$ cat my_file27.txt   # compact mmCIF, C-alpha atoms
# COMPACT_ATOMS: atom_id res chain seq x y z
CA MET A 1 -3.13 4.50 -4.27
CA SER A 2 -0.26 2.65 -5.91
CA LEU A 3 2.27 3.78 -3.33
CA PRO A 4 3.23 1.14 -0.77
CA PRO A 5 1.28 1.38 2.52
CA ARG A 6 4.45 2.39 4.36
CA HIS A 7 4.58 5.49 2.12
CA GLY A 8 0.93 6.36 2.72
CA GLY A 9 -0.61 4.51 -0.23
CA LEU A 10 -2.74 1.39 -0.45
CA GLY A 11 -0.28 -0.81 -2.34
CA ILE A 12 -2.62 -1.30 -5.31
CA VAL A 13 -0.14 -1.83 -8.11
CA ASN A 14 -0.87 -0.24 -11.47
CA PRO A 15 0.58 -2.65 -14.04
CA CYS A 16 0.70 0.06 -16.71
CA THR A 17 3.17 2.13 -14.71
CA GLU A 18 5.01 -0.68 -12.93
CA ALA A 19 5.62 -3.08 -15.82
CA CYS A 20 8.86 -1.48 -17.02
CA LEU A 21 10.44 -1.44 -13.55
CA GLU A 22 9.37 -5.04 -12.87
CA TYR A 23 10.77 -6.15 -16.22
CA LEU A 24 14.13 -4.52 -15.50
CA SER A 25 14.16 -6.08 -12.03
CA SER A 26 13.46 -9.48 -13.55
CA ILE A 27 16.35 -9.07 -15.98
CA LYS A 28 18.72 -8.13 -13.13
CA VAL A 29 17.72 -11.01 -10.88
CA THR A 30 17.82 -13.68 -13.59
CA SER A 31 20.93 -12.44 -15.46
CA SER A 32 23.33 -14.82 -13.71
CA LEU A 33 21.03 -17.76 -14.46
CA VAL A 34 20.73 -16.68 -18.10
CA GLU A 35 24.52 -16.58 -18.36
CA LYS A 36 24.73 -20.17 -17.05
CA ILE A 37 22.09 -21.32 -19.53
CA ILE A 38 23.81 -19.65 -22.50
CA SER A 39 27.20 -21.12 -21.55
CA GLN A 40 25.53 -24.52 -20.98
CA THR A 41 27.11 -24.82 -17.54
CA HIS A 42 25.58 -27.43 -15.27
CA GLU A 43 26.05 -25.48 -12.09
CA LEU A 44 23.76 -22.95 -10.47
CA PRO A 45 24.72 -19.29 -10.13
CA LYS A 46 26.43 -18.21 -6.92
CA VAL A 47 23.93 -17.49 -4.17
CA ASP A 48 25.68 -14.22 -3.29
CA ASN A 49 25.23 -12.93 -6.84
CA VAL A 50 21.51 -13.73 -6.80
CA LYS A 51 21.07 -12.16 -3.35
CA SER A 52 22.84 -8.97 -4.38
CA ALA A 53 20.75 -8.75 -7.56
CA LYS A 54 17.55 -9.19 -5.54
CA GLN A 55 18.66 -6.51 -3.09
CA GLU A 56 19.49 -4.16 -5.95
CA ALA A 57 16.03 -4.74 -7.46
CA ARG A 58 14.42 -4.06 -4.06
CA ASN A 59 16.41 -0.84 -3.73
CA ASP A 60 15.32 0.23 -7.23
CA ARG A 61 11.67 -0.34 -6.28
CA GLN A 62 12.07 1.60 -3.04
CA ASN A 63 13.75 4.50 -4.83
CA ALA A 64 11.01 4.54 -7.47
CA ALA A 65 8.37 4.61 -4.70
CA LYS A 66 10.16 7.49 -2.96
CA ASP A 67 10.34 9.43 -6.24
CA LYS A 68 6.65 8.81 -6.88
CA LEU A 69 5.83 9.94 -3.32
CA ARG A 70 7.78 13.16 -3.87
CA LYS A 71 5.93 13.84 -7.13
CA VAL A 72 2.53 13.13 -5.56
CA LYS A 73 3.22 15.35 -2.56
CA ASP A 74 4.24 18.21 -4.85
CA THR A 75 0.85 18.12 -6.57
CA LEU A 76 -1.30 17.79 -3.43
CA PRO A 77 -2.78 20.64 -1.40
CA LYS A 78 -1.22 21.17 2.02
CA THR A 79 -4.01 19.39 3.96
CA SER A 80 -3.88 16.31 1.72
CA SER A 81 -0.09 16.27 1.89
CA ARG A 82 -0.31 16.32 5.68
CA ALA A 83 -2.82 13.46 5.63
CA LEU A 84 -0.41 11.48 3.44
CA ASP A 85 2.41 12.17 5.92
CA LEU A 86 0.26 10.91 8.77
CA ALA A 87 -0.74 7.81 6.78
CA ALA A 88 2.97 7.07 6.26
CA GLU A 89 3.79 7.16 9.98
CA LYS A 90 5.27 3.99 11.43
CA GLU A 91 2.74 1.21 12.22
CA VAL A 92 -0.22 3.25 10.93
CA SER A 93 -0.65 1.08 7.84
CA THR A 94 -0.54 -2.36 9.44
CA TRP A 95 -4.29 -2.84 9.00
CA LEU A 96 -3.73 -2.69 5.23
CA VAL A 97 -1.09 -5.41 5.07
CA VAL A 98 -2.42 -8.04 7.48
CA ILE A 99 -4.76 -10.81 6.48
CA LEU A 100 -8.15 -10.07 7.99
CA LEU A 101 -9.48 -13.36 9.33
CA GLN A 102 -13.16 -13.35 10.23
CA GLU A 103 -12.82 -16.26 12.67
CA MET A 104 -10.26 -14.20 14.61
CA GLY A 105 -12.52 -11.16 14.69
CA PHE A 106 -10.29 -9.22 12.29
CA SER A 107 -12.71 -8.42 9.52
CA ILE A 108 -14.27 -5.19 8.41
CA ASN A 109 -17.21 -4.63 6.13
CA LYS A 110 -17.40 -2.42 3.05
CA ARG A 111 -18.67 0.63 4.95
CA GLU A 112 -16.00 0.34 7.66
CA PHE A 113 -13.31 0.06 4.98
CA ARG A 114 -14.58 3.17 3.17
CA ASP A 115 -14.76 5.06 6.47
CA ALA A 116 -11.22 4.01 7.36
CA LEU A 117 -9.97 5.28 3.99
CA ARG A 118 -11.77 8.57 4.49
CA LEU A 119 -10.14 8.97 7.89
CA ARG A 120 -6.74 7.91 6.53
CA TYR A 121 -6.73 10.47 3.69
CA ASN A 122 -8.88 13.19 5.29
CA TRP A 123 -11.59 12.78 2.65
CA PRO A 124 -15.08 14.11 3.42
CA PHE A 125 -17.72 11.68 4.63
CA SER A 126 -20.88 11.21 2.59
CA ASN A 127 -24.23 9.54 3.29
CA ILE A 128 -24.13 10.45 6.96
CA PRO A 129 -27.57 9.71 8.46
CA SER A 130 -29.44 12.76 9.72
CA LYS A 131 -30.77 10.83 12.76
CA PHE A 132 -28.79 8.40 14.84
CA ALA A 133 -30.21 5.41 16.69
CA CYS A 134 -28.96 6.66 20.06
CA VAL A 135 -30.76 10.01 19.59
CA VAL A 136 -34.01 8.31 18.65
CA LYS A 137 -33.87 6.01 21.70
CA SER A 138 -33.18 8.85 24.11
CA THR A 139 -36.08 10.94 22.78
CA LEU A 140 -38.39 7.95 23.10
CA LEU A 141 -37.34 7.44 26.72
CA ASN A 142 -37.90 11.12 27.56
CA THR A 143 -41.41 11.19 26.11
CA GLN A 144 -42.67 8.18 28.09

$ encode --input "my_file27.txt" --output "C-alpha cells"
Amino acid sequence: MSLPPRHGGLGIVNPCTEACLEYLSSIKVTSSLVEKIISQTHELPKVDNVKSAKQEARNDRQNAAKDKLRKVKDTLPKTSSRALDLAAEKEVSTWLVVILLQEMGFSINKREFRDALRLRYNWPFSNIPSKFACVVKSTLLNTQ
C-alpha cells in the first residue's frame, strides 16, 4: 500500500520505513543552505545547486520505490503480481491522486472505495447480497 499509485500502490506512506530516506533527502536538499549558514554568508545558495539536489532526492525516492516494487512482486503469487502490474498501467491510478469534489460529482462512498480496491488488486468480494433489487422487482412483476 505504501508504493506510489503509479507503481500499483495507494501512496499511503509508512513513516517507519520512509523516515531514513526522507531524512537523507532533506540533508541533500538543504546542504548548500547549511554551508551558507555555517560560513555566515549573506547570499542564498545557487538555484542550480538546489534544483540538482532536489532532482537527486526525487531520483533516490523513485529508485527506492522501484526496489520496493521488485521485492513485493517477488513475494506475491502470480495472480496478485499480475493485478499489481495492471494497477500500475498508465492512467489507471488517476482516481487515487485527484481530489474528489462532491459538488463536481466526483465523490465515492466507503463501499464504492472498498469495491474499487477489490477490483484493483483482484481481492475477493465479501458481503455480497444474496438477492438483488432488480431480481425482486422482476419477480413481483411476473406474479401480478

$ residues_around --input "my_file27.txt" --residues "A:Arg70" --least-positions-apart "2" --cutoff "12 Å" --atoms "only C-alpha atoms" --output "PDB file with C-alpha atoms, in the coordinates of the input"
ATOM      1  CA  LEU A   3       2.270   3.780  -3.330  1.00  0.00           C
ATOM      2  CA  HIS A   7       4.580   5.490   2.120  1.00  0.00           C
ATOM      3  CA  GLY A   8       0.930   6.360   2.720  1.00  0.00           C
ATOM      4  CA  ASN A  63      13.750   4.500  -4.830  1.00  0.00           C
ATOM      5  CA  ALA A  64      11.010   4.540  -7.470  1.00  0.00           C
ATOM      6  CA  ALA A  65       8.370   4.610  -4.700  1.00  0.00           C
ATOM      7  CA  LYS A  66      10.160   7.490  -2.960  1.00  0.00           C
ATOM      8  CA  ASP A  67      10.340   9.430  -6.240  1.00  0.00           C
ATOM      9  CA  LYS A  68       6.650   8.810  -6.880  1.00  0.00           C
ATOM     10  CA  VAL A  72       2.530  13.130  -5.560  1.00  0.00           C
ATOM     11  CA  LYS A  73       3.220  15.350  -2.560  1.00  0.00           C
ATOM     12  CA  ASP A  74       4.240  18.210  -4.850  1.00  0.00           C
ATOM     13  CA  THR A  75       0.850  18.120  -6.570  1.00  0.00           C
ATOM     14  CA  LEU A  76      -1.300  17.790  -3.430  1.00  0.00           C
ATOM     15  CA  SER A  81      -0.090  16.270   1.890  1.00  0.00           C
ATOM     16  CA  LEU A  84      -0.410  11.480   3.440  1.00  0.00           C
ATOM     17  CA  ASP A  85       2.410  12.170   5.920  1.00  0.00           C
TER      18      ASP A  85
END

$ residues_around --input "my_file27.txt" --residues "stretch 110-115 of chain A" --least-positions-apart "5" --cutoff "12 Å" --atoms "only C-alpha atoms" --output "MDAnalysis selection string"
chainID A and resid 10 95:96 100 120:128

$ residues_near_point --input "my_file27.txt" --point "(18.2, -6.6, -3.0)" --cutoff "12 Å" --atoms "only C-alpha atoms" --output "ChimeraX atom specification"
/A:25-26,28-29,48-62

$ atom_distance --input "my_file27.txt" --atom1 "atom CA of A:Ala87" --atom2 "atom CA of A:Glu22"
25.6 Å

$ atom_distance --input "my_file27.txt" --atom1 "atom CA of A:Leu117" --atom2 "atom CA of A:Gly9"
10.3 Å

$ atom_distance --input "my_file27.txt" --atom1 "atom CA of A:Glu89" --atom2 "atom CA of A:Arg6"
7.4 Å

$ closest_residue --input "my_file27.txt" --among "A:Val34, A:Val47, A:Leu119, A:Ile27" --to "A:Val92" --atoms "all atoms listed in the file"
A:Leu119

$ build_atoms --input "my_file27.txt" --residues "stretch 48-82 of chain A" --atoms "N, CA and C atoms" --output "mmCIF file, in the frame of the given file"
data_model
loop_
_atom_site.group_PDB
_atom_site.id
_atom_site.type_symbol
_atom_site.label_atom_id
_atom_site.label_comp_id
_atom_site.auth_asym_id
_atom_site.auth_seq_id
_atom_site.Cartn_x
_atom_site.Cartn_y
_atom_site.Cartn_z
ATOM 1 N N ASP A 48 25.391 -15.622 -3.609
ATOM 2 C CA ASP A 48 25.680 -14.220 -3.290
ATOM 3 C C ASP A 48 25.326 -13.288 -4.451
ATOM 4 N N ASN A 49 25.573 -13.745 -5.678
ATOM 5 C CA ASN A 49 25.230 -12.930 -6.840
ATOM 6 C C ASN A 49 23.716 -12.732 -6.955
ATOM 7 N N VAL A 50 22.975 -13.807 -6.724
ATOM 8 C CA VAL A 50 21.510 -13.730 -6.800
ATOM 9 C C VAL A 50 20.979 -12.832 -5.681
ATOM 10 N N LYS A 51 21.518 -12.993 -4.475
ATOM 11 C CA LYS A 51 21.070 -12.160 -3.350
ATOM 12 C C LYS A 51 21.335 -10.686 -3.600
ATOM 13 N N SER A 52 22.519 -10.376 -4.128
ATOM 14 C CA SER A 52 22.840 -8.970 -4.380
ATOM 15 C C SER A 52 21.955 -8.400 -5.492
ATOM 16 N N ALA A 53 21.643 -9.212 -6.493
ATOM 17 C CA ALA A 53 20.750 -8.750 -7.560
ATOM 18 C C ALA A 53 19.347 -8.504 -7.032
ATOM 19 N N LYS A 54 18.874 -9.383 -6.150
ATOM 20 C CA LYS A 54 17.550 -9.190 -5.540
ATOM 21 C C LYS A 54 17.524 -7.926 -4.689
ATOM 22 N N GLN A 55 18.581 -7.713 -3.935
ATOM 23 C CA GLN A 55 18.660 -6.510 -3.090
ATOM 24 C C GLN A 55 18.695 -5.246 -3.945
ATOM 25 N N GLU A 56 19.423 -5.306 -5.039
ATOM 26 C CA GLU A 56 19.490 -4.160 -5.950
ATOM 27 C C GLU A 56 18.113 -3.863 -6.556
ATOM 28 N N ALA A 57 17.382 -4.918 -6.915
ATOM 29 C CA ALA A 57 16.030 -4.740 -7.460
ATOM 30 C C ALA A 57 15.106 -4.151 -6.405
ATOM 31 N N ARG A 58 15.223 -4.618 -5.166
ATOM 32 C CA ARG A 58 14.420 -4.060 -4.060
ATOM 33 C C ARG A 58 14.726 -2.579 -3.859
ATOM 34 N N ASN A 59 16.006 -2.244 -3.890
ATOM 35 C CA ASN A 59 16.410 -0.840 -3.730
ATOM 36 C C ASN A 59 15.859 0.027 -4.858
ATOM 37 N N ASP A 60 15.880 -0.512 -6.090
ATOM 38 C CA ASP A 60 15.320 0.230 -7.230
ATOM 39 C C ASP A 60 13.834 0.498 -7.018
ATOM 40 N N ARG A 61 13.102 -0.521 -6.543
ATOM 41 C CA ARG A 61 11.670 -0.340 -6.280
ATOM 42 C C ARG A 61 11.425 0.686 -5.192
ATOM 43 N N GLN A 62 12.227 0.635 -4.127
ATOM 44 C CA GLN A 62 12.070 1.600 -3.040
ATOM 45 C C GLN A 62 12.372 3.022 -3.512
ATOM 46 N N ASN A 63 13.418 3.174 -4.300
ATOM 47 C CA ASN A 63 13.750 4.500 -4.830
ATOM 48 C C ASN A 63 12.661 5.020 -5.756
ATOM 49 N N ALA A 64 12.098 4.132 -6.574
ATOM 50 C CA ALA A 64 11.010 4.540 -7.470
ATOM 51 C C ALA A 64 9.784 4.965 -6.644
ATOM 52 N N ALA A 65 9.500 4.250 -5.558
ATOM 53 C CA ALA A 65 8.370 4.610 -4.700
ATOM 54 C C ALA A 65 8.606 5.957 -4.017
ATOM 55 N N LYS A 66 9.839 6.200 -3.588
ATOM 56 C CA LYS A 66 10.160 7.490 -2.960
ATOM 57 C C LYS A 66 10.036 8.635 -3.963
ATOM 58 N N ASP A 67 10.477 8.397 -5.195
ATOM 59 C CA ASP A 67 10.340 9.430 -6.240
ATOM 60 C C ASP A 67 8.869 9.706 -6.535
ATOM 61 N N LYS A 68 8.080 8.639 -6.626
ATOM 62 C CA LYS A 68 6.650 8.810 -6.880
ATOM 63 C C LYS A 68 5.984 9.557 -5.729
ATOM 64 N N LEU A 69 6.383 9.246 -4.494
ATOM 65 C CA LEU A 69 5.830 9.940 -3.320
ATOM 66 C C LEU A 69 6.152 11.428 -3.392
ATOM 67 N N ARG A 70 7.382 11.762 -3.747
ATOM 68 C CA ARG A 70 7.780 13.160 -3.870
ATOM 69 C C ARG A 70 6.930 13.883 -4.921
ATOM 70 N N LYS A 71 6.722 13.237 -6.061
ATOM 71 C CA LYS A 71 5.930 13.840 -7.130
ATOM 72 C C LYS A 71 4.475 14.032 -6.700
ATOM 73 N N VAL A 72 3.925 13.035 -6.028
ATOM 74 C CA VAL A 72 2.530 13.130 -5.560
ATOM 75 C C VAL A 72 2.386 14.239 -4.545
ATOM 76 N N LYS A 73 3.313 14.320 -3.600
ATOM 77 C CA LYS A 73 3.220 15.350 -2.560
ATOM 78 C C LYS A 73 3.352 16.757 -3.134
ATOM 79 N N ASP A 74 4.102 16.894 -4.223
ATOM 80 C CA ASP A 74 4.240 18.210 -4.850
ATOM 81 C C ASP A 74 2.937 18.679 -5.490
ATOM 82 N N THR A 75 2.095 17.739 -5.903
ATOM 83 C CA THR A 75 0.850 18.120 -6.570
ATOM 84 C C THR A 75 -0.328 18.261 -5.611
ATOM 85 N N LEU A 76 -0.184 17.775 -4.383
ATOM 86 C CA LEU A 76 -1.300 17.790 -3.430
ATOM 87 C C LEU A 76 -1.409 19.120 -2.701
ATOM 88 N N PRO A 77 -2.638 19.485 -2.290
ATOM 89 C CA PRO A 77 -2.780 20.640 -1.400
ATOM 90 C C PRO A 77 -2.158 20.321 -0.030
ATOM 91 N N LYS A 78 -1.922 21.330 0.747
ATOM 92 C CA LYS A 78 -1.220 21.170 2.020
ATOM 93 C C LYS A 78 -1.941 20.200 2.962
ATOM 94 N N THR A 79 -3.282 20.275 3.038
ATOM 95 C CA THR A 79 -4.010 19.390 3.960
ATOM 96 C C THR A 79 -3.911 17.936 3.516
ATOM 97 N N SER A 80 -3.996 17.680 2.220
ATOM 98 C CA SER A 80 -3.880 16.310 1.720
ATOM 99 C C SER A 80 -2.457 15.790 1.876
ATOM 100 N N SER A 81 -1.481 16.665 1.700
ATOM 101 C CA SER A 81 -0.090 16.270 1.890
ATOM 102 C C SER A 81 0.162 15.890 3.346
ATOM 103 N N ARG A 82 -0.430 16.638 4.246
ATOM 104 C CA ARG A 82 -0.310 16.320 5.680
ATOM 105 C C ARG A 82 -0.974 14.996 6.005
#
